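**Q** Sharing a structure here in structure tokens format.
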Amino acid sequence: AMSVTVVSACMIAAITCRQLKTEKRFNVTFDKKGKVGNNEKKKFNGSVAKYLSKQATLQKQIGEKNERGLSKKSIPDISCADPALDAFKSLAKVARKAIYSSIWCTCETSGRNSRTQKFVQCAVCRVSCCRDCLSENSKYQFKSHEDTSEDVIFEEDHDYGDFQTKLRSLLPTAIFFPKESLQSIEKIDGNKTASHRISLLSDHTYYLHRIKRDRKKWVVIYYAREKDIGEAVAEVSVTIGELKRVDLASLKKQNEIGLRVDFKSFLPARVEPLVFGDQEPCLSITIRCDHRGSLSVGKWEARSRKKITTLTIEGEDPKPSPRVKAGLLDKACEDLVAGTKEKHNIKTYNAACQRKEAHRWTYVKNWKEYPGVILIKGTENFSGRYKLSACEQTTNMSSLWIREPRDDEPTMYIISKPNVHRTGPDRAIITTSICHDDTTCILAELPVSWQPSDALLENKHHVKGVMVNSWTPIPNFQCWIPRSEITVSSPQDDLKEEEFVTIKGLTDSNVEMLCNRVVSTKDELELPLVGGQRAQQIVRAFNAICTIPIQKHVAKGKLAFEIDPDAPWQKLDSPKDGEPQFGLCKLCVPPRPNEIWYYDEERKCWTRRYESGQSREFRLALERAPKPFKYLINRKECSLSIKFSSCTAAHQVAKQLIDGRGIDPREVTVSFRFSDTALQTDPVITPFKVKSCDNEDPTNVILKEPYKLYLRQQKVVNKMLSIENSDVPFEEIEMIEHPLPGSTGLGMTSQAKRVVKLRGGVIADAIGAGKTVISIALILTGLAKARSSRVMPRSSSASLVVMPPGLLRQWKGEIEKFSPKDLKVLIIYDFEKLKKYSAKDIVNADVVLMPIDILESRQYLENLMKFAKLEKMKPYPKLPTRSGQKELNGARGVWIPSTSADPYGGANNSSNQANRNEAAYYTYIYQEAIGKIRGELKDSINAQRKGVPIEFFEWERIFVDEVHESLCTTKAEIDEAKEKDKDNFFKEKNRRAGRELLGICIKDPQKRPLVCRGAVFGLTGTPLLDSSSRVIELANLIGNTYVIGLTGHWRKLEKESSRDIFLENYLEPKQGREVRRAIFDKSQGYLDVACCRNTNEEQMAGIKLNTIKRIINMTEGEKVLYLESQKGIPKDKQSLYTTAEEFEEGTIAPFLKQNAKLKSRGDMLVEICKEILKRDKTSKIVVFTDGSCFAGQAACSFLQADEDIGGCTFLNQNDSNEEKNEKISWYQTADVTEKDRQRPRVLVLHFEHCAGLNLQAECNNVILFSPLYTGIGGTSSDPVADISTELQAIGRVYRAGQKEKIVNVYKIQVNGPNGEEAFDGKIMRRNDSDDLHKMATNAAD
């Protein structure tokens, strides 16, 4: 939305809109000089006169309404108000409860509570963290906080919802200050405090704006606004909880708690002379509460003029600075200096230097050192010796120096006060509180140019411009709460009118605020709540006037509707005859304009566009569409009625469930209920589990003698047959939360349901448990029915099996091994093989085996286009080389620079959109061709025609082997694929080909490339279901099952246009806690009924897995190369102990490559191979390597260099799928001929090759050449995926059918020259984690 074209169009519109509006209104045309032509002046003058007359009449009518009471803004009279001090005292008494219910750990900042009641708190800086976040996997750094204590907070005390409800009942809706009180502030200190412009605020009322849960406190914000609805001009913040935070070693062992009110004026930043930067409080009062509940009420104090002084600040005992501890590099400092010399930065940098803010651009020369001790000399009472605390990252890049208490003086601290708004640099302060938010405790502020490193430089010891704060008591200062006649009522009996609440007792000024600029002569009108500044101001007025009365009404339990998170749903009746079914109302849910593809001759590419004017019509339709809530104000009765439309909400939620799926909307039922966000909690996220089939009945299938299905396999067959026979129901749901406009926290949740029969299942049995034989049993069970369903030329009796290309020959061998019947099996390796089969061959087949990446096969798409007679669409698109969107399996903070050149920080750049367009066009062409050959051209395809596209046929059922390979693609996996060597035969592009073939973004199963009469089954030994997104996506693929949240799934962004991405951000319902909880529960519910995971203990009985770790030390010469390859680490930080997280993203590849090709690693590989072959020279060995760092080539070179081993077998880039399958088959079958025995004994594969291979018949030795790490440095790795891949590799040999009693798994670990643990050791420990192993397998038992 922020492209140059859009910005330019907005600028042109802003320049020309007034003239265009005038031309349209008066039906005249202006010349180039902006003047009306002579021949049109008469007509123009007449039109203007007529318009002004009409406006005058309208204003007169509105004036008559004003005479009934609509008056100008007025300030409450003290006679109609109550002292605010009494309310403040009531709030101070709940300070201790405020602390218990506040935020105690970073994990609670997202609006949820920690799952544990135990919190660890540092006794020095008082930072706290829950026990869960201190676990090894969470990576919270708490080691520097050595002196800690544990606090236990009971669940009922930590319930922030209950406390927030209580807080609402105590808070005043508004407060105000008498004019005399505000004017008295300016008399303090010789009228020097007039810089706050407080006298200009004497006619403002401060309305409640926000209630914020903070660390160890709650903060309530009141705003005074221009004309009560405009921009904020002043703020009153009420802090309840901790007021002053001190370390436990200070004189006062307990922190000060209670209430503090701070008054802050924004006028210095709005009224000349302007004062830039964060505005400080100029007025404050504190009410302290002791442990017995007794209150100590302070006096109102005003900030006096700051005293400017000079201090001597000396440093000694240099220590590493926070920047060094955080891992910042010399290169970062150099890049900052280089940035100041760039042409577009020179002017701004010079201006910063004049303001003495150069350190916002560059580091000081001695930035790597901070003083361990700071000595402050001067006449002020904060002089003394301050010692650096060991605490790190209490706040970002913070440091803490402590002066011990002396005599009657309290403990003093030097800390950094961060400029959170980034309007200026951080600055050091001297304070009596550890927390920089405790503004009244700040004694002095050091100049912005001073940094702690300066204390170590003798020429910077004398610090000028130190500002010393002081506060002056104000006698008889007053704050008042205006009395309100506002009452709130709810309908108790008749709910047919769909009235939510009615607010009465509004004043004339309240009505005027709510009717802001709404021109109408009607007594009752609907307030616009969406679109533009006016709606925003109306919502502000509503928040100021109505929010607290409504919240108090709810807190007393007087609302007519239940708002508990588990309240019953209210079902809606089906639409009457003649009314649109739920989800089909174009008024409630306007349809989006269709996109049209055309060839851009200039850019030589296909692109998409929309019909002229359709986007505007769509926007207007959105404005006209009814909303779930509407506000009706009666100006005569001074009342406001809030009504809800359950029908509108029903259409919106049903649309999400049925859109694009080709289902009957009459199958959908809709219900709704009301909710309060304060009562909702986040779901307790635990790893998803896949259950076994122990409770299922067995269904036996006769296999070829002597093979039989195990009992557990018979139970899996029974469960999958139940799914294929449509005997397993599943309730699809979708939910939308419709918040009530404003900040009440209330809303309505609508839910659409549809009960379906599952059309697909997932066999997630353990590696080697027999997923292939179970699939063969399913094929045999339905063989007679399948053969009777043959209809030329499209309906095939075959079960289609799509798989990674390396498994094709293995699958055929398994079918021949287990099937007692002579099944007709076709293998389609690629397009060349497809051309040899006729439509009749495919229709009469029993099983068709095909690689999942067949779209990568040369000329395949061209053949499909010829069949569809779409040659005019040339040039044909190639399979997209990049993904248009990446799956994020974790969140990382990104600093977005405040630059107009890149407002999104590169998140939605033109390159990403070009990738999306490329993917979208490929799908468009692909779907067009499929629709043609299945529709109008299907009669032109006869039974004898060869090379008929696979998408033309209808199959009996579909199996997707190793289904997780195509579905699960994280950002790290995609970025890592870019580093893959060219010999990798299942790259990321193959995954994209698989997703395209499976139709992963197509909701209607009948429009997908692969269709079947029966069920779709997925096979995987490591399902990798570590997020709800992957479960939702898997369910959609396997039988088109809708799990809540599919409409908003990230995958569709792979092909979205810029317009649709904008609309998704604008229109897509936001997921609140209630919806997130439902997503988790429903995802687990799907896994319970559609998936199964069984182990194979009985088949593995007597087979032992023997893991052998072989450790070798690198040489000193290798250490030098090892350290030099750490390009992303500063030289003084390069070490053997470096972890992956220390590398900046994108810089780790050279290090991984060097680590893989260490000669000592190769020597150990050769030594292990010789050791195995010495025991048995006919043994076959499998070596798995990481293809992303060229480890495969390195291993091959070591093996081929040794004459005794005899080389190795490796899959080359130019090998066809058939050739690769043949090479792998050498290690799956016994040596029969002399040629077999002469082949190399060692097979080198990449980890990516391991999925699904059966090598147990001839191999019992596996070597992991190096521990697997996928990622590009930083936090980009996915340890669950890495562990899953290693398990898959081991499972190629350690599986049912293994002839030997012992399977040896060798893991090579390279240490430092003296045995120091290096990168290998750290990754091995990570990959051996029991918790991560459970997440990789998702086993419930």
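How things are named: the first chain in the structure tokens is A, the next is B, and so on; residues count from 1 in each chain; ligands count from 1 in the order shown.
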Considering only C-alpha atoms, return as a VMD selection string whatever protein or nucleic-acid residues lie within 8 Å of Asn700 (chain A), sequence-local ones (same chain, fewer than 2 positions apart) excluded.
**A** chain A and resid 698 702 709 714 717
**Q** Since we have the selection now, will you write its residues out, keeping N, CA, C and O atoms, as a short mmCIF file (atom, residue, chain, number, x, y, z; two decimals), in the first residue's frame?
**A**
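What ended up in result_25.cif:
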data_model
loop_
_atom_site.label_atom_id
_atom_site.label_comp_id
_atom_site.auth_asym_id
_atom_site.auth_seq_id
_atom_site.Cartn_x
_atom_site.Cartn_y
_atom_site.Cartn_z
N PRO A 698 -9.59 -54.74 15.41
CA PRO A 698 -8.69 -55.11 14.29
C PRO A 698 -9.48 -55.51 13.04
O PRO A 698 -10.59 -56.03 13.12
N ILE A 702 -5.45 -60.41 4.27
CA ILE A 702 -4.56 -61.51 3.90
C ILE A 702 -3.43 -60.98 3.01
O ILE A 702 -3.68 -60.37 1.96
N LEU A 709 -0.22 -59.25 8.95
CA LEU A 709 -0.29 -57.96 9.63
C LEU A 709 -0.21 -58.17 11.13
O LEU A 709 -0.85 -59.09 11.68
N GLN A 714 -3.41 -54.12 12.07
CA GLN A 714 -4.81 -54.41 11.77
C GLN A 714 -5.72 -53.32 12.33
O GLN A 714 -6.73 -52.96 11.72
N VAL A 717 -5.52 -50.30 10.06
CA VAL A 717 -6.33 -50.54 8.86
C VAL A 717 -7.80 -50.30 9.17
O VAL A 717 -8.53 -49.67 8.37
#
**Q** Skipping near chain neighbours, those fewer than 5 positions away, what residues fall within 10 Å of region 259-265 of chain A using only C-alpha atoms, listed as a compact mmCIF listing (two decimals) with N, CA and C atoms, in the first residue's frame?
**A**
# COMPACT_ATOMS: atom_id res chain seq x y z
N PHE A 88 -8.72 8.42 45.24
CA PHE A 88 -7.31 8.03 45.20
C PHE A 88 -6.95 7.17 46.42
N LYS A 89 -7.50 7.49 47.57
CA LYS A 89 -7.23 6.69 48.77
C LYS A 89 -7.77 5.27 48.61
N SER A 90 -8.96 5.15 48.05
CA SER A 90 -9.54 3.82 47.84
C SER A 90 -8.67 3.00 46.89
N LEU A 91 -8.12 3.65 45.89
CA LEU A 91 -7.24 2.96 44.94
C LEU A 91 -5.92 2.58 45.60
N ALA A 92 -5.40 3.43 46.48
CA ALA A 92 -4.13 3.13 47.15
C ALA A 92 -4.23 1.90 48.04
N LYS A 93 -5.42 1.66 48.60
CA LYS A 93 -5.60 0.50 49.48
C LYS A 93 -5.50 -0.84 48.76
N VAL A 94 -5.66 -0.84 47.44
CA VAL A 94 -5.56 -2.10 46.69
C VAL A 94 -4.20 -2.22 46.01
N ALA A 95 -3.22 -1.44 46.48
CA ALA A 95 -1.89 -1.43 45.83
C ALA A 95 -1.23 -2.80 45.90
N SER A 195 6.70 27.30 31.52
CA SER A 195 7.05 26.59 30.29
C SER A 195 6.13 25.40 30.05
N HIS A 196 5.44 24.95 31.08
CA HIS A 196 4.51 23.83 30.90
C HIS A 196 3.18 24.28 30.30
N ARG A 197 2.95 25.60 30.20
CA ARG A 197 1.71 26.16 29.64
C ARG A 197 0.48 25.65 30.39
N ILE A 198 0.61 25.48 31.69
CA ILE A 198 -0.48 24.87 32.46
C ILE A 198 -1.72 25.73 32.47
N LEU A 200 -3.08 27.20 30.16
CA LEU A 200 -3.91 26.95 28.99
C LEU A 200 -4.76 25.70 29.12
N LEU A 201 -4.54 24.94 30.20
CA LEU A 201 -5.27 23.68 30.40
C LEU A 201 -6.38 23.80 31.43
N LYS A 217 2.93 -3.17 38.84
CA LYS A 217 2.01 -2.05 39.04
C LYS A 217 0.98 -2.03 37.93
N TRP A 218 -0.07 -1.22 38.16
CA TRP A 218 -1.06 -0.92 37.13
C TRP A 218 -1.03 0.58 36.89
N VAL A 219 -1.21 0.98 35.65
CA VAL A 219 -1.17 2.40 35.29
C VAL A 219 -2.48 2.75 34.60
N VAL A 220 -3.13 3.78 35.09
CA VAL A 220 -4.39 4.26 34.52
C VAL A 220 -4.13 5.62 33.90
N ILE A 221 -4.51 5.79 32.64
CA ILE A 221 -4.22 7.02 31.90
C ILE A 221 -5.51 7.80 31.67
N TYR A 222 -5.46 9.09 31.98
CA TYR A 222 -6.53 10.03 31.66
C TYR A 222 -5.98 11.05 30.67
N TYR A 223 -6.77 11.39 29.66
CA TYR A 223 -6.35 12.37 28.65
C TYR A 223 -7.29 13.56 28.64
N ALA A 224 -6.68 14.73 28.48
CA ALA A 224 -7.44 15.93 28.11
C ALA A 224 -7.18 16.17 26.63
N ALA A 232 -4.60 14.71 22.08
CA ALA A 232 -4.35 14.85 23.51
C ALA A 232 -3.47 16.07 23.76
N VAL A 233 -3.81 16.86 24.77
CA VAL A 233 -3.02 18.03 25.15
C VAL A 233 -2.40 17.88 26.53
N ALA A 234 -2.90 16.93 27.32
CA ALA A 234 -2.33 16.70 28.65
C ALA A 234 -2.71 15.29 29.10
N GLU A 235 -1.95 14.81 30.07
CA GLU A 235 -2.15 13.44 30.55
C GLU A 235 -2.06 13.41 32.06
N VAL A 236 -2.93 12.64 32.67
CA VAL A 236 -2.84 12.32 34.09
C VAL A 236 -2.70 10.81 34.20
N SER A 237 -1.59 10.37 34.74
CA SER A 237 -1.37 8.93 34.92
C SER A 237 -1.44 8.59 36.39
N VAL A 238 -2.19 7.55 36.70
CA VAL A 238 -2.36 7.08 38.07
C VAL A 238 -1.67 5.73 38.18
N THR A 239 -0.61 5.66 38.97
CA THR A 239 0.14 4.43 39.17
C THR A 239 -0.28 3.78 40.47
N ILE A 240 -0.67 2.50 40.40
CA ILE A 240 -1.12 1.76 41.58
C ILE A 240 -0.24 0.54 41.72
N GLY A 241 0.49 0.43 42.83
CA GLY A 241 1.41 -0.70 43.03
C GLY A 241 2.72 -0.19 43.56
N GLU A 242 3.84 -0.66 42.97
CA GLU A 242 5.16 -0.21 43.39
C GLU A 242 5.38 1.23 42.96
N LEU A 243 5.85 2.04 43.89
CA LEU A 243 6.13 3.45 43.59
C LEU A 243 7.63 3.71 43.52
N ARG A 270 3.41 21.56 21.43
CA ARG A 270 2.38 21.98 20.50
C ARG A 270 2.24 23.50 20.39
N GLN A 279 8.03 14.67 27.24
CA GLN A 279 7.65 15.66 28.24
C GLN A 279 7.61 15.03 29.63
N GLU A 280 8.08 15.76 30.61
CA GLU A 280 8.17 15.24 31.97
C GLU A 280 6.97 15.67 32.79
N PRO A 281 6.61 14.87 33.81
CA PRO A 281 5.52 15.30 34.71
C PRO A 281 5.88 16.61 35.40
N CYS A 282 4.89 17.47 35.53
CA CYS A 282 5.12 18.74 36.20
C CYS A 282 4.35 18.86 37.51
N LEU A 283 3.59 17.82 37.84
CA LEU A 283 2.75 17.87 39.03
C LEU A 283 2.58 16.44 39.52
N SER A 284 2.61 16.24 40.85
CA SER A 284 2.52 14.87 41.35
C SER A 284 2.01 14.86 42.79
N ILE A 285 1.38 13.74 43.16
CA ILE A 285 1.01 13.48 44.55
C ILE A 285 1.20 11.99 44.80
N THR A 286 1.64 11.64 46.00
CA THR A 286 1.90 10.25 46.35
C THR A 286 1.12 9.89 47.61
N ILE A 287 0.47 8.74 47.59
CA ILE A 287 -0.22 8.18 48.75
C ILE A 287 0.40 6.81 49.01
N ARG A 288 1.12 6.67 50.12
CA ARG A 288 1.81 5.42 50.42
C ARG A 288 0.95 4.54 51.32
N CYS A 289 1.15 3.23 51.14
CA CYS A 289 0.38 2.24 51.91
C CYS A 289 1.37 1.29 52.55
N LEU A 295 -2.55 4.35 55.40
CA LEU A 295 -2.18 5.26 54.32
C LEU A 295 -1.42 6.46 54.84
N VAL A 297 -0.75 10.06 53.30
CA VAL A 297 -1.12 10.92 52.17
C VAL A 297 -0.14 12.08 52.07
N GLY A 298 0.50 12.18 50.93
CA GLY A 298 1.42 13.28 50.70
C GLY A 298 0.69 14.52 50.19
N TRP A 300 0.31 17.59 47.12
CA TRP A 300 0.58 17.87 45.71
C TRP A 300 1.88 18.66 45.60
N GLU A 301 2.73 18.25 44.69
CA GLU A 301 4.01 18.92 44.48
C GLU A 301 4.17 19.28 43.01
N ALA A 302 4.75 20.44 42.78
CA ALA A 302 5.02 20.87 41.41
C ALA A 302 6.52 20.85 41.17
N ASP A 438 10.05 5.53 37.72
CA ASP A 438 9.69 6.24 38.94
C ASP A 438 10.21 7.67 38.85
N THR A 439 9.45 8.52 38.16
CA THR A 439 9.94 9.85 37.79
C THR A 439 10.21 10.76 38.98
N THR A 440 9.41 10.63 40.03
CA THR A 440 9.60 11.52 41.18
C THR A 440 10.85 11.18 41.98
**Q** If we count only C-alpha atoms, what is near Leu1152 (chain A) at a cut-off of 10 Å, once residues fewer than 6 positions away on the same chain are taken out, given as a ChimeraX atom specification?
**A** /A:1122,1125-1126,1140,1186,1188-1191,1266,1269-1270,1272,1319
**Q** I'd like the contact shell of region 353-362 of chain A - 8 Å cut-off, only C-alpha atoms, skipping same-chain residues fewer than 6 positions apart - returned as a list in words.
**A**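 The neighbour list is Cys333, Leu336, Val337, Thr340, Pro425, Val448 and Ser449 of chain A.
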**Q** Go through region 733-867 of chain A and collect every residue that DSSP, computed from the backbone, puts in strand (DSSP E); the answer should be as a ChimeraX atom specification.
**A** /A:733-739,746-757,760-763,799-803,825-827,847-851
**Q** Can I get the selected residues back with N, CA and C atoms, as an mmCIF file, in the first residue's frame?
**A**
data_model
loop_
_atom_site.group_PDB
_atom_site.id
_atom_site.type_symbol
_atom_site.label_atom_id
_atom_site.label_comp_id
_atom_site.auth_asym_id
_atom_site.auth_seq_id
_atom_site.Cartn_x
_atom_site.Cartn_y
_atom_site.Cartn_z
ATOM 1 N N ILE A 733 -15.446 -25.889 12.482
ATOM 2 C CA ILE A 733 -15.948 -24.633 13.029
ATOM 3 C C ILE A 733 -15.076 -23.470 12.565
ATOM 4 N N GLU A 734 -15.658 -22.302 12.593
ATOM 5 C CA GLU A 734 -14.934 -21.054 12.404
ATOM 6 C C GLU A 734 -15.490 -20.052 13.404
ATOM 7 N N MET A 735 -14.635 -19.206 13.926
ATOM 8 C CA MET A 735 -15.044 -18.227 14.934
ATOM 9 C C MET A 735 -14.494 -16.857 14.572
ATOM 10 N N ILE A 736 -15.287 -15.833 14.859
ATOM 11 C CA ILE A 736 -14.840 -14.445 14.687
ATOM 12 C C ILE A 736 -15.228 -13.676 15.946
ATOM 13 N N GLU A 737 -14.301 -12.903 16.424
ATOM 14 C CA GLU A 737 -14.588 -12.011 17.557
ATOM 15 C C GLU A 737 -14.899 -10.620 17.010
ATOM 16 N N HIS A 738 -16.067 -10.092 17.382
ATOM 17 C CA HIS A 738 -16.495 -8.761 16.946
ATOM 18 C C HIS A 738 -16.432 -7.833 18.159
ATOM 19 N N PRO A 739 -15.354 -7.069 18.308
ATOM 20 C CA PRO A 739 -15.247 -6.206 19.496
ATOM 21 C C PRO A 739 -16.234 -5.050 19.439
ATOM 22 N N LEU A 746 -15.552 -5.377 25.812
ATOM 23 C CA LEU A 746 -16.663 -6.286 25.540
ATOM 24 C C LEU A 746 -16.743 -6.569 24.043
ATOM 25 N N GLY A 747 -17.454 -7.599 23.700
ATOM 26 C CA GLY A 747 -17.616 -7.936 22.294
ATOM 27 C C GLY A 747 -18.526 -9.125 22.124
ATOM 28 N N MET A 748 -18.735 -9.484 20.884
ATOM 29 C CA MET A 748 -19.563 -10.630 20.526
ATOM 30 C C MET A 748 -18.713 -11.593 19.709
ATOM 31 N N THR A 749 -18.856 -12.872 19.998
ATOM 32 C CA THR A 749 -18.151 -13.908 19.252
ATOM 33 C C THR A 749 -19.170 -14.735 18.486
ATOM 34 N N SER A 750 -18.979 -14.844 17.190
ATOM 35 C CA SER A 750 -19.868 -15.664 16.372
ATOM 36 C C SER A 750 -19.148 -16.947 15.986
ATOM 37 N N GLN A 751 -19.918 -18.003 15.837
ATOM 38 C CA GLN A 751 -19.351 -19.320 15.549
ATOM 39 C C GLN A 751 -20.191 -20.033 14.498
ATOM 40 N N ALA A 752 -19.544 -20.516 13.450
ATOM 41 C CA ALA A 752 -20.211 -21.303 12.413
ATOM 42 C C ALA A 752 -19.732 -22.745 12.517
ATOM 43 N N LYS A 753 -20.685 -23.691 12.406
ATOM 44 C CA LYS A 753 -20.364 -25.104 12.553
ATOM 45 C C LYS A 753 -20.885 -25.890 11.356
ATOM 46 N N ARG A 754 -20.189 -26.965 11.072
ATOM 47 C CA ARG A 754 -20.636 -27.887 10.025
ATOM 48 C C ARG A 754 -20.098 -29.271 10.357
ATOM 49 N N VAL A 755 -20.993 -30.236 10.543
ATOM 50 C CA VAL A 755 -20.591 -31.604 10.849
ATOM 51 C C VAL A 755 -20.374 -32.349 9.537
ATOM 52 N N VAL A 756 -19.174 -32.907 9.363
ATOM 53 C CA VAL A 756 -18.819 -33.612 8.127
ATOM 54 C C VAL A 756 -18.306 -34.999 8.479
ATOM 55 N N LYS A 757 -18.175 -35.822 7.460
ATOM 56 C CA LYS A 757 -17.517 -37.115 7.584
ATOM 57 C C LYS A 757 -16.101 -36.967 7.037
ATOM 58 N N GLY A 760 -10.213 -38.261 4.922
ATOM 59 C CA GLY A 760 -8.778 -38.490 4.883
ATOM 60 C C GLY A 760 -8.229 -38.729 6.269
ATOM 61 N N GLY A 761 -7.090 -39.388 6.358
ATOM 62 C CA GLY A 761 -6.448 -39.657 7.632
ATOM 63 C C GLY A 761 -4.942 -39.672 7.488
ATOM 64 N N VAL A 762 -4.268 -39.655 8.625
ATOM 65 C CA VAL A 762 -2.804 -39.619 8.646
ATOM 66 C C VAL A 762 -2.298 -40.827 9.422
ATOM 67 N N ILE A 763 -1.485 -41.627 8.770
ATOM 68 C CA ILE A 763 -0.826 -42.759 9.422
ATOM 69 C C ILE A 763 0.557 -42.279 9.834
ATOM 70 N N SER A 799 -4.975 -46.799 -7.083
ATOM 71 C CA SER A 799 -4.646 -45.958 -5.943
ATOM 72 C C SER A 799 -3.370 -45.207 -6.313
ATOM 73 N N LEU A 800 -3.417 -43.891 -6.254
ATOM 74 C CA LEU A 800 -2.248 -43.077 -6.621
ATOM 75 C C LEU A 800 -1.388 -42.868 -5.385
ATOM 76 N N VAL A 801 -0.103 -43.140 -5.514
ATOM 77 C CA VAL A 801 0.842 -42.928 -4.416
ATOM 78 C C VAL A 801 1.878 -41.911 -4.890
ATOM 79 N N VAL A 802 1.911 -40.759 -4.242
ATOM 80 C CA VAL A 802 2.926 -39.744 -4.546
ATOM 81 C C VAL A 802 3.926 -39.733 -3.406
ATOM 82 N N MET A 803 5.202 -39.557 -3.748
ATOM 83 C CA MET A 803 6.261 -39.749 -2.752
ATOM 84 C C MET A 803 7.518 -39.013 -3.194
ATOM 85 N N VAL A 825 1.015 -52.501 -11.444
ATOM 86 C CA VAL A 825 1.672 -51.324 -10.848
ATOM 87 C C VAL A 825 2.406 -50.568 -11.945
ATOM 88 N N LEU A 826 2.121 -49.284 -12.065
ATOM 89 C CA LEU A 826 2.817 -48.412 -13.006
ATOM 90 C C LEU A 826 3.704 -47.439 -12.229
ATOM 91 N N ILE A 827 4.934 -47.270 -12.686
ATOM 92 C CA ILE A 827 5.825 -46.269 -12.091
ATOM 93 C C ILE A 827 6.045 -45.160 -13.112
ATOM 94 N N VAL A 847 -2.268 -49.738 -9.080
ATOM 95 C CA VAL A 847 -1.465 -48.782 -8.312
ATOM 96 C C VAL A 847 -0.630 -47.975 -9.296
ATOM 97 N N VAL A 848 -0.597 -46.654 -9.082
ATOM 98 C CA VAL A 848 0.277 -45.774 -9.859
ATOM 99 C C VAL A 848 1.211 -45.079 -8.876
ATOM 100 N N LEU A 849 2.510 -45.242 -9.097
ATOM 101 C CA LEU A 849 3.537 -44.624 -8.251
ATOM 102 C C LEU A 849 4.130 -43.439 -9.003
ATOM 103 N N MET A 850 4.255 -42.323 -8.314
ATOM 104 C CA MET A 850 4.673 -41.096 -9.002
ATOM 105 C C MET A 850 5.461 -40.208 -8.046
ATOM 106 N N PRO A 851 6.517 -39.552 -8.520
ATOM 107 C CA PRO A 851 7.245 -38.610 -7.651
ATOM 108 C C PRO A 851 6.423 -37.359 -7.401
#
**Q** Using only C-alpha atoms for the distances, tell me which of A:Asp853, A:Glu814, A:Asp682, A:Glu724 is nearest to Gly1014 (chain A).
**A**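 Of all the options, A:Glu724 lies closest to Gly1014 (chain A).
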**Q** If you measure from CA of Gln121 (chain A) to CA of Lys97 (chain A), what distance in Å do you get, rounded to one decimal?
**A**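 Going from CA of Gln121 (chain A) over to CA of Lys97 (chain A) covers 18.0 Å.
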**Q** I'd like to know which of A:Arg957, A:Lys938, A:Arg603, A:Lys464 is closest to Ser775 (chain A), using only C-alpha atoms.
**A** A:Arg957
**Q** Fewer than 4 positions away in the same chain doesn't count, so skip those; otherwise give me all residues within 9 Å of Thr681 (chain A), counting only C-alpha atoms, as a PyMOL selection string.
**A** chain A and resi 111-113+161+565+677+1073-1074+1077
**Q** What's the separation between CA of Arg624 (chain A) and CA of Ala654 (chain A), in Å to one decimal place?
**A**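 Separation of CA of Arg624 (chain A) and CA of Ala654 (chain A): 19.6 Å.
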**Q** So that I can check the surroundings of Thr379 (chain A), please list as a list in words every protein, DNA and RNA residue that reaches within 10 Å of it, counting only C-alpha atoms and ignoring chain neighbours fewer than 6 positions away.
**A**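 The residues that qualify are Thr309, Thr310 and Leu311 of chain A.
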**Q** Keeping only N, CA and C atoms, write those residues as a compact mmCIF listing (two decimals), in the first residue's frame.
**A**
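For reference, again-v4.txt as written:
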# COMPACT_ATOMS: atom_id res chain seq x y z
N THR A 309 24.08 22.44 37.10
CA THR A 309 25.31 22.41 37.88
C THR A 309 26.38 21.64 37.12
N THR A 310 27.58 21.63 37.69
CA THR A 310 28.71 20.90 37.12
C THR A 310 29.20 19.88 38.14
N LEU A 311 29.43 18.66 37.68
CA LEU A 311 29.92 17.60 38.54
C LEU A 311 31.23 17.05 37.99
